[in-house]
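Student: I'd like to ask some things about the structure below.
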Amino acid sequence: MRNGVAVSNIEEIGLELNQRAVQVEMAGAQLVRAAAEAIWTSIAADAFRTRVDQRRRQCGAVADLLRGAAQAVFRYSDGVEAEKVRLRRLELAAEHAVVRGAVDVGRAFVGGVRL
Amino acid sequence: MSGAAEIVDYEELARMSAVWGEAAASMARTGFHVAALACSSDLLASAMFDPMGAARAEAGILSAAVGPRGLAALSAGLEVDSVLLKAVIAKEQYVDDLPLHQVAALGRWLVALPLELTLDPRRALRDGTRDSAALANAITGYAAPHTQLLLELFAPSLRFRLDVAQHRPMSVDPVFGLPLAPLIPGGQRTGGSVSISRYAPSWGRQPPPSIGSMLDRVGDLEDQPTASIAVQRVTSTGGVVRYVVVLSGMRSMTSTSDPEDLLGSGAALVRTTTNYTTCVREAIDTALVPHGAEVLLVGHSEGGIVAMDLAGDPAFNGARVRVKQVVAAGAPISSMPVADGSGTRVLSIENVNDIVTHLDAADPPASQQSVERLTYRFADDEHNIVASHDVSLYARRAVVLTDSPNPLIADVQAALRPFMGGSATTTVFTLRDRVTP
């Protein structure tokens, strides 16, 4: 479900990307927590903690990329749905035209016979 | 390795390296799954309806999976961090800790040996023996972190190797696989008595303010001329009375008339009822500790083993007193259980370069620890078996636990707080192997 409506297979891909984004952010938070819990103080420790912060930001950037990809997938899904609707409309119009044409031909034929 | 304001804890680095390695693997897996989504038939089959949209979606997914700032790059970066941490640990364990002085001393002796043998053969032999012993002493601590692996691989007894692999308490000897418990002489398990010592420690009227100070007190008792333990009665400001029992470690490699000798330590390792545990029970009775009182057991070396023997005995822990917490330092207790349903928490402080902590051939888990069973490990190779096991070394290292950001250690500290405040009185007891007539 997306916004309360059933999702297509393409939208499921977008939802999975969003879920992966959350997982990546959680992994980044876990790294920060592991480093914060360590009893380790020195110049190297400070350097490492700076690096941990960089990795957390990197995780955030990757999560943003995943969310961006998810948005692209949702837009694509919407585009596909809109195109399908447009084609369906054309198809119905064509069907309607064919049926109406057949009726007209029928009428003309029946009139020519002059029963 | 530690300095005044600098603590480098290689066990912590090993833990972090493991966390980083897991994160790198997790990112790589996620990257693979995300890249697979770009090839999904659902995505490709509908491309004819919106080719540009499909191209944008594909590009977005591939950028997140394998782009220069995507999951693959993040995974690689984390893996590099993990490898660097491992390299730091390996450098410390295998290079920095290498007993170079001892190796060099033996090397010098070997070079000078032909000449020394002609000049003064007795002195040459004496020097060689001394240098070899120093190297063996240093190598023991150097190899100590690998004791479990070495025993698991090379112990001649299959039964022993199985016990090690399954993290079971040691029950047989590593060579012949003979049961150890029957080998303990009856004199080490059927005796034990105490008498009140005249020693009045300077800390006797102060509850221990920290884990480090608890171990300092153990050290103070170990410095006494006789085998001693202490029972401290702590009355909180609210009037609740609790007890801290301080258990000192082994004092002699040769047989003595008290339980703090090599035989007594061996007995404590393989039997739950020994002269030492009898001494502690008697001391608790003599100190008039009420039934069901809350007790904190603090021990170093043999004292830590005895603390776990008592915590694992339902006749003591639960029936006589309630052991709330065990604090053990330099004690091989990784596979020793507490009494079922007792809720006793165990904090074990272990120096990985202290061979004594590996005598049970069972290492504590590096991860998945809990507040009920927590092991704080550090690496401090003094290149000397006795120095790496010294209680004062443990007390110094325990000081960092006071301000530890680790939530498990903070939780243990919080649980210990009732034993650390209020007023106190202390009785010191002298231990003996023989039973009082």
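Residue numbering restarts at 1 in every chain; chains get A, B, ... in the order shown in the structure tokens, and ligands count up from 1 in that same order.
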Only residues of chain A matter here; which ones have an atom within 8 Å of chain B, counting only C-alpha atoms? Give them as a count of residues only.
Tutor: 35
Student: May I have the residues within 10 Å of Leu125 (chain B) as a list in words, using only C-alpha atoms and disregarding those fewer than 5 positions away in the same chain?
Tutor: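 Listed by chain and then number, they are Trp109, Leu113, Glu116, Leu117, Asp120, Arg130 and Asp131 of chain B.
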Student: Please provide the set of residues having any atom within 10 Å of Asn275 (chain B), restricted to only C-alpha atoms, with same-chain residues fewer than 4 positions apart removed, written as number ranges by chain.
Tutor: B: 186-193, 258-260, 264, 267-268, 279-281, 306, 431-435
Student: Which residues come within 9 Å of region 313-321 of chain B, counting only C-alpha atoms, excluding same-chain residues fewer than 3 positions away, as a VMD selection string?
Tutor: chain B and resid 272 to 273 281 289 to 295 308 to 310 338 to 342 344
Student: Write out, as a PDB file, in the first residue's frame, the residues just selected, with C-alpha atoms.
Tutor:
ATOM      1  CA  THR B 272      32.440 -26.088  44.141  1.00  0.00           C
ATOM      2  CA  THR B 273      33.002 -27.065  47.783  1.00  0.00           C
ATOM      3  CA  ARG B 281      30.601 -19.559  54.836  1.00  0.00           C
ATOM      4  CA  VAL B 289      25.196 -11.853  58.246  1.00  0.00           C
ATOM      5  CA  PRO B 290      21.434 -12.476  58.327  1.00  0.00           C
ATOM      6  CA  HIS B 291      19.825 -15.135  56.138  1.00  0.00           C
ATOM      7  CA  GLY B 292      18.759 -13.700  52.783  1.00  0.00           C
ATOM      8  CA  ALA B 293      21.009 -10.630  53.068  1.00  0.00           C
ATOM      9  CA  GLU B 294      22.173  -9.003  49.848  1.00  0.00           C
ATOM     10  CA  VAL B 295      25.838  -9.723  49.235  1.00  0.00           C
ATOM     11  CA  MET B 308      31.751 -18.030  41.425  1.00  0.00           C
ATOM     12  CA  ASP B 309      31.806 -21.370  43.296  1.00  0.00           C
ATOM     13  CA  LEU B 310      29.630 -19.745  45.962  1.00  0.00           C
ATOM     14  CA  VAL B 338      25.543 -18.927  38.820  1.00  0.00           C
ATOM     15  CA  ALA B 339      22.732 -20.714  40.694  1.00  0.00           C
ATOM     16  CA  ASP B 340      19.544 -21.062  38.643  1.00  0.00           C
ATOM     17  CA  GLY B 341      17.005 -18.346  39.359  1.00  0.00           C
ATOM     18  CA  SER B 342      19.403 -16.408  41.584  1.00  0.00           C
ATOM     19  CA  THR B 344      23.188 -12.925  40.261  1.00  0.00           C
TER      20      THR B 344
END
Student: If we count only C-alpha atoms and set the cut-off at 7 Å, which residues sit around Asp354 (chain B), ignoring sequence neighbours fewer than 4 positions away in its own chain? Please answer as a PyMOL selection string.
Tutor: chain B and resi 141+144+385+388-389
Student: Let me make sure I understand: among B:Ala424, B:Ala136, B:Ile333, B:Val352, which one has the smallest atom-to-atom distance to Val270 (chain B) if we use only C-alpha atoms?
Tutor: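 Counting only C-alpha atoms, the residue closest to Val270 (chain B) is B:Ile333.
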Student: Neighbouring residues of Ala143 (chain B) were defined as those with any atom within 10 Å, considering only C-alpha atoms; residues of the same chain fewer than 6 positions away were excluded. Please report them as an MDAnalysis selection string.
Tutor: chainID B and resid 93:94 97:98 150 352:355
Student: Deliver the residues from the most recent selection as a file, using N, CA and C atoms, as an mmCIF file, in the first residue's frame.
Tutor:
data_model
loop_
_atom_site.group_PDB
_atom_site.id
_atom_site.type_symbol
_atom_site.label_atom_id
_atom_site.label_comp_id
_atom_site.auth_asym_id
_atom_site.auth_seq_id
_atom_site.Cartn_x
_atom_site.Cartn_y
_atom_site.Cartn_z
ATOM 1 N N GLN B 93 49.517 -6.877 19.087
ATOM 2 C CA GLN B 93 49.628 -8.228 19.644
ATOM 3 C C GLN B 93 50.905 -8.935 19.198
ATOM 4 N N TYR B 94 51.271 -8.745 17.937
ATOM 5 C CA TYR B 94 52.364 -9.561 17.415
ATOM 6 C C TYR B 94 53.693 -8.814 17.293
ATOM 7 N N ASP B 97 54.082 -6.273 21.339
ATOM 8 C CA ASP B 97 54.185 -7.133 22.524
ATOM 9 C C ASP B 97 55.307 -8.168 22.421
ATOM 10 N N LEU B 98 55.925 -8.230 21.272
ATOM 11 C CA LEU B 98 56.989 -9.225 21.103
ATOM 12 C C LEU B 98 58.074 -8.993 22.165
ATOM 13 N N LEU B 150 44.823 -22.847 21.043
ATOM 14 C CA LEU B 150 45.920 -23.819 21.079
ATOM 15 C C LEU B 150 45.478 -25.114 21.759
ATOM 16 N N VAL B 352 43.885 -10.040 28.802
ATOM 17 C CA VAL B 352 44.065 -11.148 27.861
ATOM 18 C C VAL B 352 45.490 -11.693 27.881
ATOM 19 N N ASN B 353 46.433 -10.899 28.374
ATOM 20 C CA ASN B 353 47.821 -11.365 28.465
ATOM 21 C C ASN B 353 48.120 -12.022 29.809
ATOM 22 N N ASP B 354 47.099 -12.167 30.638
ATOM 23 C CA ASP B 354 47.243 -12.852 31.924
ATOM 24 C C ASP B 354 46.855 -14.312 31.711
ATOM 25 N N ILE B 355 47.836 -15.206 31.756
ATOM 26 C CA ILE B 355 47.588 -16.624 31.457
ATOM 27 C C ILE B 355 46.571 -17.236 32.427
#
Student: Just checking: using only C-alpha atoms, which residue out of B:Ser370, B:Glu222, B:Ala25, B:Ala362 ends up closest to Ala165 (chain B)?
Tutor: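 Answer, going by the shortest atom-to-atom distance: B:Ala362.
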Student: Would you mind listing what lies within 6 Å of region 229-234 of chain B as a list of chain:residue names, with only C-alpha atoms counted and same-chain residues fewer than 2 positions away left out?
Tutor: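 Listed by chain and then number, they are B:Val241, B:Arg242, B:Tyr243, B:Val244, B:Val245, B:Val246, B:Leu247, B:Ser423, B:Ala424, B:Thr425, B:Thr426, B:Thr427, B:Val428, B:Phe429.
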Student: Find the distance between CA of Ile305 (chain B) and CA of Leu359 (chain B) and write it in Å to one decimal.
Tutor: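 Interatomic distance, CA of Ile305 (chain B) to CA of Leu359 (chain B): 11.2 Å.
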Student: Of the candidates B:Asn137, B:Ser348, B:Arg159, B:Phe419, which one gets nearest to Lys324 (chain B) if we count only C-alpha atoms?
Tutor: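 Checking each candidate against Lys324 (chain B), we get B:Phe419 as the closest.
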Student: Check the smallest atom-to-atom distance from each of B:Ser132, B:Asn384, B:Gln413, B:Thr357 to Gln148 (chain B) using only C-alpha atoms, then report the winner.
Tutor: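 For Gln148 (chain B), the nearest of the given residues is B:Thr357.
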Student: Measuring between only C-alpha atoms, which one of B:Ala155, B:Ser236, B:Asp173, B:Val194 shows the shortest distance to Gln206 (chain B)?
Tutor: B:Ser236
